[in-house]
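What follows is input15.pdb (PDB, C-alpha atoms).
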```pdb
ATOM      1  CA  ASP R  11       0.000   0.000   0.000  1.00  0.00           C
ATOM      2  CA  ALA R  12       1.443   3.368  -1.059  1.00  0.00           C
ATOM      3  CA  ASP R  13       0.125   5.265   1.965  1.00  0.00           C
ATOM      4  CA  GLU R  14       1.705   2.748   4.326  1.00  0.00           C
ATOM      5  CA  ALA R  15       5.056   2.950   2.532  1.00  0.00           C
ATOM      6  CA  ALA R  16       4.974   6.759   2.623  1.00  0.00           C
ATOM      7  CA  GLY R  17       4.172   6.621   6.342  1.00  0.00           C
ATOM      8  CA  ASP R  18       7.120   4.305   6.919  1.00  0.00           C
ATOM      9  CA  GLU R  19       9.446   6.674   5.044  1.00  0.00           C
ATOM     10  CA  GLU R  20       8.150   9.679   6.958  1.00  0.00           C
ATOM     11  CA  ALA R  21       8.630   7.844  10.254  1.00  0.00           C
ATOM     12  CA  ALA R  22      12.175   6.894   9.230  1.00  0.00           C
ATOM     13  CA  LEU R  23      13.075  10.510   8.428  1.00  0.00           C
ATOM     14  CA  ALA R  24      11.502  11.729  11.665  1.00  0.00           C
ATOM     15  CA  GLY R  25      13.553   9.095  13.502  1.00  0.00           C
ATOM     16  CA  LEU R  26      16.711  10.277  11.758  1.00  0.00           C
ATOM     17  CA  LEU R  27      16.036  13.880  12.818  1.00  0.00           C
ATOM     18  CA  GLU R  28      15.349  12.758  16.385  1.00  0.00           C
ATOM     19  CA  ALA R  29      18.551  10.679  16.474  1.00  0.00           C
ATOM     20  CA  ALA R  30      20.573  13.677  15.244  1.00  0.00           C
ATOM     21  CA  ARG R  31      19.392  15.687  18.262  1.00  0.00           C
ATOM     22  CA  GLY R  32      20.822  13.121  20.662  1.00  0.00           C
ATOM     23  CA  GLU R  33      24.335  12.330  21.793  1.00  0.00           C
ATOM     24  CA  GLY R  34      26.736   9.522  21.083  1.00  0.00           C
ATOM     25  CA  SER R  35      27.841   7.625  18.019  1.00  0.00           C
ATOM     26  CA  ALA R  36      24.280   7.114  16.689  1.00  0.00           C
ATOM     27  CA  ALA R  37      23.670  10.857  16.848  1.00  0.00           C
ATOM     28  CA  ASP R  38      26.994  11.527  15.113  1.00  0.00           C
ATOM     29  CA  ALA R  39      26.063   9.071  12.350  1.00  0.00           C
ATOM     30  CA  ALA R  40      22.634  10.680  11.941  1.00  0.00           C
ATOM     31  CA  ARG R  41      24.202  14.159  11.704  1.00  0.00           C
ATOM     32  CA  ASP R  42      26.661  12.844   9.096  1.00  0.00           C
ATOM     33  CA  VAL R  43      23.761  11.486   7.016  1.00  0.00           C
ATOM     34  CA  LEU R  44      21.941  14.822   7.236  1.00  0.00           C
ATOM     35  CA  ALA R  45      25.085  16.774   6.356  1.00  0.00           C
ATOM     36  CA  GLY R  46      25.694  14.545   3.341  1.00  0.00           C
ATOM     37  CA  THR R  47      22.069  14.944   2.258  1.00  0.00           C
ATOM     38  CA  ALA R  48      22.345  18.734   2.499  1.00  0.00           C
ATOM     39  CA  GLU R  49      25.550  18.700   0.463  1.00  0.00           C
ATOM     40  CA  TYR R  50      24.130  16.507  -2.316  1.00  0.00           C
ATOM     41  CA  LEU R  51      20.941  18.551  -2.457  1.00  0.00           C
ATOM     42  CA  GLY R  52      22.895  21.818  -2.485  1.00  0.00           C
ATOM     43  CA  ALA R  53      25.164  20.560  -5.267  1.00  0.00           C
ATOM     44  CA  GLY R  54      22.132  19.519  -7.329  1.00  0.00           C
ATOM     45  CA  ILE R  55      20.493  22.890  -6.780  1.00  0.00           C
ATOM     46  CA  ALA R  56      23.755  24.594  -7.778  1.00  0.00           C
ATOM     47  CA  ASP R  57      23.614  22.713 -11.093  1.00  0.00           C
ATOM     48  CA  LEU R  58      20.077  24.022 -11.637  1.00  0.00           C
ATOM     49  CA  VAL R  59      21.215  27.549 -10.793  1.00  0.00           C
ATOM     50  CA  ASN R  60      24.126  27.313 -13.242  1.00  0.00           C
ATOM     51  CA  LEU R  61      21.996  25.859 -16.040  1.00  0.00           C
ATOM     52  CA  PHE R  62      18.757  27.830 -15.728  1.00  0.00           C
ATOM     53  CA  ASN R  63      19.542  30.936 -13.645  1.00  0.00           C
ATOM     54  CA  PRO R  64      16.204  30.807 -11.771  1.00  0.00           C
ATOM     55  CA  GLU R  65      15.010  33.550  -9.450  1.00  0.00           C
ATOM     56  CA  ARG R  66      13.715  31.080  -6.889  1.00  0.00           C
ATOM     57  CA  ILE R  67      13.967  27.393  -6.059  1.00  0.00           C
ATOM     58  CA  VAL R  68      11.300  26.054  -3.739  1.00  0.00           C
ATOM     59  CA  ILE R  69      11.877  22.882  -1.745  1.00  0.00           C
ATOM     60  CA  GLY R  70       8.621  21.127  -0.908  1.00  0.00           C
ATOM     61  CA  GLY R  71       6.904  17.816  -0.549  1.00  0.00           C
ATOM     62  CA  TRP R  72       6.597  15.953   2.699  1.00  0.00           C
ATOM     63  CA  ALA R  73      10.312  15.102   2.836  1.00  0.00           C
ATOM     64  CA  GLY R  74      11.430  18.630   1.983  1.00  0.00           C
ATOM     65  CA  LEU R  75       9.115  20.125   4.574  1.00  0.00           C
ATOM     66  CA  LEU R  76      10.214  17.621   7.218  1.00  0.00           C
ATOM     67  CA  LEU R  77      13.963  17.999   6.617  1.00  0.00           C
ATOM     68  CA  GLY R  78      13.984  21.582   5.340  1.00  0.00           C
ATOM     69  CA  PRO R  79      13.958  23.539   8.579  1.00  0.00           C
ATOM     70  CA  GLN R  80      17.108  21.742   9.736  1.00  0.00           C
ATOM     71  CA  LEU R  81      18.889  21.379   6.379  1.00  0.00           C
ATOM     72  CA  LEU R  82      18.047  24.629   4.582  1.00  0.00           C
ATOM     73  CA  PRO R  83      20.997  26.695   5.897  1.00  0.00           C
ATOM     74  CA  ALA R  84      23.496  23.982   4.857  1.00  0.00           C
ATOM     75  CA  VAL R  85      21.743  23.520   1.492  1.00  0.00           C
ATOM     76  CA  ARG R  86      21.998  27.263   0.813  1.00  0.00           C
ATOM     77  CA  GLU R  87      25.654  27.307   1.855  1.00  0.00           C
ATOM     78  CA  THR R  88      26.505  24.377  -0.436  1.00  0.00           C
ATOM     79  CA  THR R  89      24.514  25.902  -3.299  1.00  0.00           C
ATOM     80  CA  ASP R  90      26.489  29.124  -2.973  1.00  0.00           C
ATOM     81  CA  ALA R  91      29.777  27.198  -2.812  1.00  0.00           C
ATOM     82  CA  TYR R  92      29.115  25.148  -5.969  1.00  0.00           C
ATOM     83  CA  ALA R  93      27.141  27.595  -8.123  1.00  0.00           C
ATOM     84  CA  LEU R  94      28.557  30.379 -10.224  1.00  0.00           C
ATOM     85  CA  ARG R  95      28.680  33.541  -8.158  1.00  0.00           C
ATOM     86  CA  TYR R  96      26.533  35.781 -10.354  1.00  0.00           C
ATOM     87  CA  PRO R  97      23.477  33.521 -10.761  1.00  0.00           C
ATOM     88  CA  ALA R  98      23.735  32.225  -7.178  1.00  0.00           C
ATOM     89  CA  ALA R  99      23.521  35.769  -5.819  1.00  0.00           C
ATOM     90  CA  ARG R 100      20.226  36.218  -7.685  1.00  0.00           C
ATOM     91  CA  THR R 101      18.595  32.924  -6.697  1.00  0.00           C
ATOM     92  CA  ALA R 102      16.584  32.398  -3.512  1.00  0.00           C
ATOM     93  CA  VAL R 103      16.348  28.864  -2.114  1.00  0.00           C
ATOM     94  CA  GLU R 104      13.247  28.591   0.062  1.00  0.00           C
ATOM     95  CA  LEU R 105      10.885  26.122   1.668  1.00  0.00           C
ATOM     96  CA  CYS R 106       7.405  25.734   0.235  1.00  0.00           C
ATOM     97  CA  ARG R 107       4.749  27.645   2.168  1.00  0.00           C
ATOM     98  CA  LEU R 108       1.767  25.746   0.757  1.00  0.00           C
ATOM     99  CA  GLY R 109       2.334  22.610   2.803  1.00  0.00           C
ATOM    100  CA  PRO R 110       2.575  19.024   1.607  1.00  0.00           C
ATOM    101  CA  ASP R 111      -0.364  19.435  -0.792  1.00  0.00           C
ATOM    102  CA  ALA R 112       1.262  22.149  -2.914  1.00  0.00           C
ATOM    103  CA  VAL R 113       1.079  20.064  -6.101  1.00  0.00           C
ATOM    104  CA  THR R 114      -2.649  19.544  -5.637  1.00  0.00           C
ATOM    105  CA  VAL R 115      -3.211  23.236  -4.935  1.00  0.00           C
ATOM    106  CA  GLY R 116      -1.226  24.173  -8.033  1.00  0.00           C
ATOM    107  CA  ALA R 117      -3.096  21.710 -10.224  1.00  0.00           C
ATOM    108  CA  ALA R 118      -6.419  23.059  -8.976  1.00  0.00           C
ATOM    109  CA  THR R 119      -5.518  26.503 -10.288  1.00  0.00           C
ATOM    110  CA  LEU R 120      -5.164  25.318 -13.903  1.00  0.00           C
ATOM    111  CA  PRO R 121      -8.894  25.124 -14.729  1.00  0.00           C
ATOM    112  CA  LEU R 122      -9.422  28.435 -12.958  1.00  0.00           C
ATOM    113  CA  ARG R 123      -6.689  30.033 -15.046  1.00  0.00           C
ATOM    114  CA  ARG R 124      -8.278  28.767 -18.284  1.00  0.00           C
ATOM    115  CA  PHE R 125     -11.629  30.123 -17.129  1.00  0.00           C
ATOM    116  CA  LEU R 126     -10.167  33.548 -16.334  1.00  0.00           C
ATOM    117  CA  ASP R 127      -8.116  33.618 -19.552  1.00  0.00           C
ATOM    118  CA  ALA R 128     -11.371  33.052 -21.452  1.00  0.00           C
ATOM    119  CA  GLY R 129     -12.860  36.145 -19.825  1.00  0.00           C
ATOM    120  CA  GLY R 130     -15.006  34.150 -17.438  1.00  0.00           C
ATOM    121  CA  SER R 131     -16.789  32.291 -20.220  1.00  0.00           C
ATOM    122  CA  PRO R 132     -16.987  28.502 -20.259  1.00  0.00           C
ATOM    123  CA  PRO R 133     -15.068  26.714 -23.045  1.00  0.00           C
ATOM    124  CA  ALA R 134     -16.953  26.147 -26.269  1.00  0.00           C
ATOM    125  CA  GLY R 135     -19.363  23.221 -26.001  1.00  0.00           C
ATOM    126  CA  VAL R 136     -19.568  23.370 -22.185  1.00  0.00           C
ATOM    127  CA  ALA R 137     -22.829  24.428 -20.597  1.00  0.00           C
ATOM    128  CA  LEU R 138     -22.895  25.701 -17.065  1.00  0.00           C
ATOM    129  CA  SER R 139     -25.952  24.941 -14.935  1.00  0.00           C
ATOM    130  CA  VAL R 140     -26.863  26.667 -11.741  1.00  0.00           C
TER     131      VAL R 140
END
```

Let me see whether you can do it: turn the structure in this file into structure tokens.
Amino acid sequence: DADEAAGDEEAALAGLLEAARGEGSAADAARDVLAGTAEYLGAGIADLVNLFNPERIVIGGWAGLLLGPQLLPAVRETTDAYALRYPAARTAVELCRLGPDAVTVGAATLPLRRFLDAGGSPPAGVALSV
């Protein structure tokens, strides 16, 4: 079941974050995993910055929102270290503010946009009933 697998993954990441807050060798290992994750993510984002010169990169999804508050500073630092200076200075790396359902919210705006682009008229062949 997909929901069960996603719940297991979310629980595993939450456990990793909790372990990193502790002390001892398990906490050190958890912090190393998180640091490596931040570096790989930052390097990947730096590639996007170098290739596309975006104004903003938004990290979202359940994993991004769970890990983001702890990893975002390191991700930004790595992005700045690996990206070209000029485009990196003009790119903001942020966490999504729409929550874990951002994709659904974005998809829901598409029909509304078509409706507004058409001046508020339904598409040809579509009758609206009240």

Practice problem: Do a neighbour search on segment 106-123 of chain R at 10 Å with all atoms listed in the file, toss out local chain neighbours closer than 5 positions, and write the hits as a ChimeraX atom specification. | Solution: /R:67-76,78,128-130

Dump of C-alpha atoms for the selected residues, as a compact mmCIF listing (two decimals), keeping the file's coordinate frame:
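Output file part.txt is given in full below:
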```txt
# COMPACT_ATOMS: atom_id res chain seq x y z
CA ILE R 67 13.97 27.39 -6.06
CA VAL R 68 11.30 26.05 -3.74
CA ILE R 69 11.88 22.88 -1.74
CA GLY R 70 8.62 21.13 -0.91
CA GLY R 71 6.90 17.82 -0.55
CA TRP R 72 6.60 15.95 2.70
CA ALA R 73 10.31 15.10 2.84
CA GLY R 74 11.43 18.63 1.98
CA LEU R 75 9.12 20.12 4.57
CA LEU R 76 10.21 17.62 7.22
CA GLY R 78 13.98 21.58 5.34
CA ALA R 128 -11.37 33.05 -21.45
CA GLY R 129 -12.86 36.15 -19.82
CA GLY R 130 -15.01 34.15 -17.44
```

Exercise. On this file, the PyMOL selection byres ((chain R and resi 101) around 7) gives some set of residues; write that set as a PyMOL selection string.
Key: chain R and resi 64-66+97-100+102-103

Quiz item: Mind pulling up the distance from atom CA of Asp127 of chain R to atom CA of Phe62 of chain R?
Solution: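 For atom CA of Phe62 of chain R relative to atom CA of Asp127 of chain R, the distance reads 27.8 Å.
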
Quiz item: Excluding same-chain residues fewer than 6 positions from Val43 of chain R, what lies within 12 Å of it counting all atoms listed in the file, as a list of chain:residue names?
Solution: R:Leu23, R:Leu26, R:Leu27, R:Ala29, R:Ala30, R:Ala36, R:Ala37, R:Glu49, R:Tyr50, R:Leu77, R:Leu81

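Picture a line from atom CA of Leu82 of chain R to atom CA of Gly25 of chain R; it runs 18.5 Å.
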
Quiz item: Expressed in Å to a single decimal, how great is the separation between atom CA of Asn60 of chain R and atom CA of Glu104 of chain R?
Solution: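 Atom-to-atom, atom CA of Asn60 of chain R and atom CA of Glu104 of chain R are spaced 17.2 Å apart.
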
Practice problem: Just the residues within 6 Å of Thr89 of chain R, please, counting all atoms listed in the file, with nothing from its chain fewer than 5 positions along; format it as an MDAnalysis selection string. | Solution: chainID R and resid 52:53 56

Six-sided padding of 3 Å per side, axis-aligned box over segment 20-39 of chain R, centre and edges in Å, one decimal, as AutoDock Vina command-line options:
```
--center_x 18.0 --center_y 11.3 --center_z 14.4 --size_x 25.7 --size_y 14.8 --size_z 20.8
```
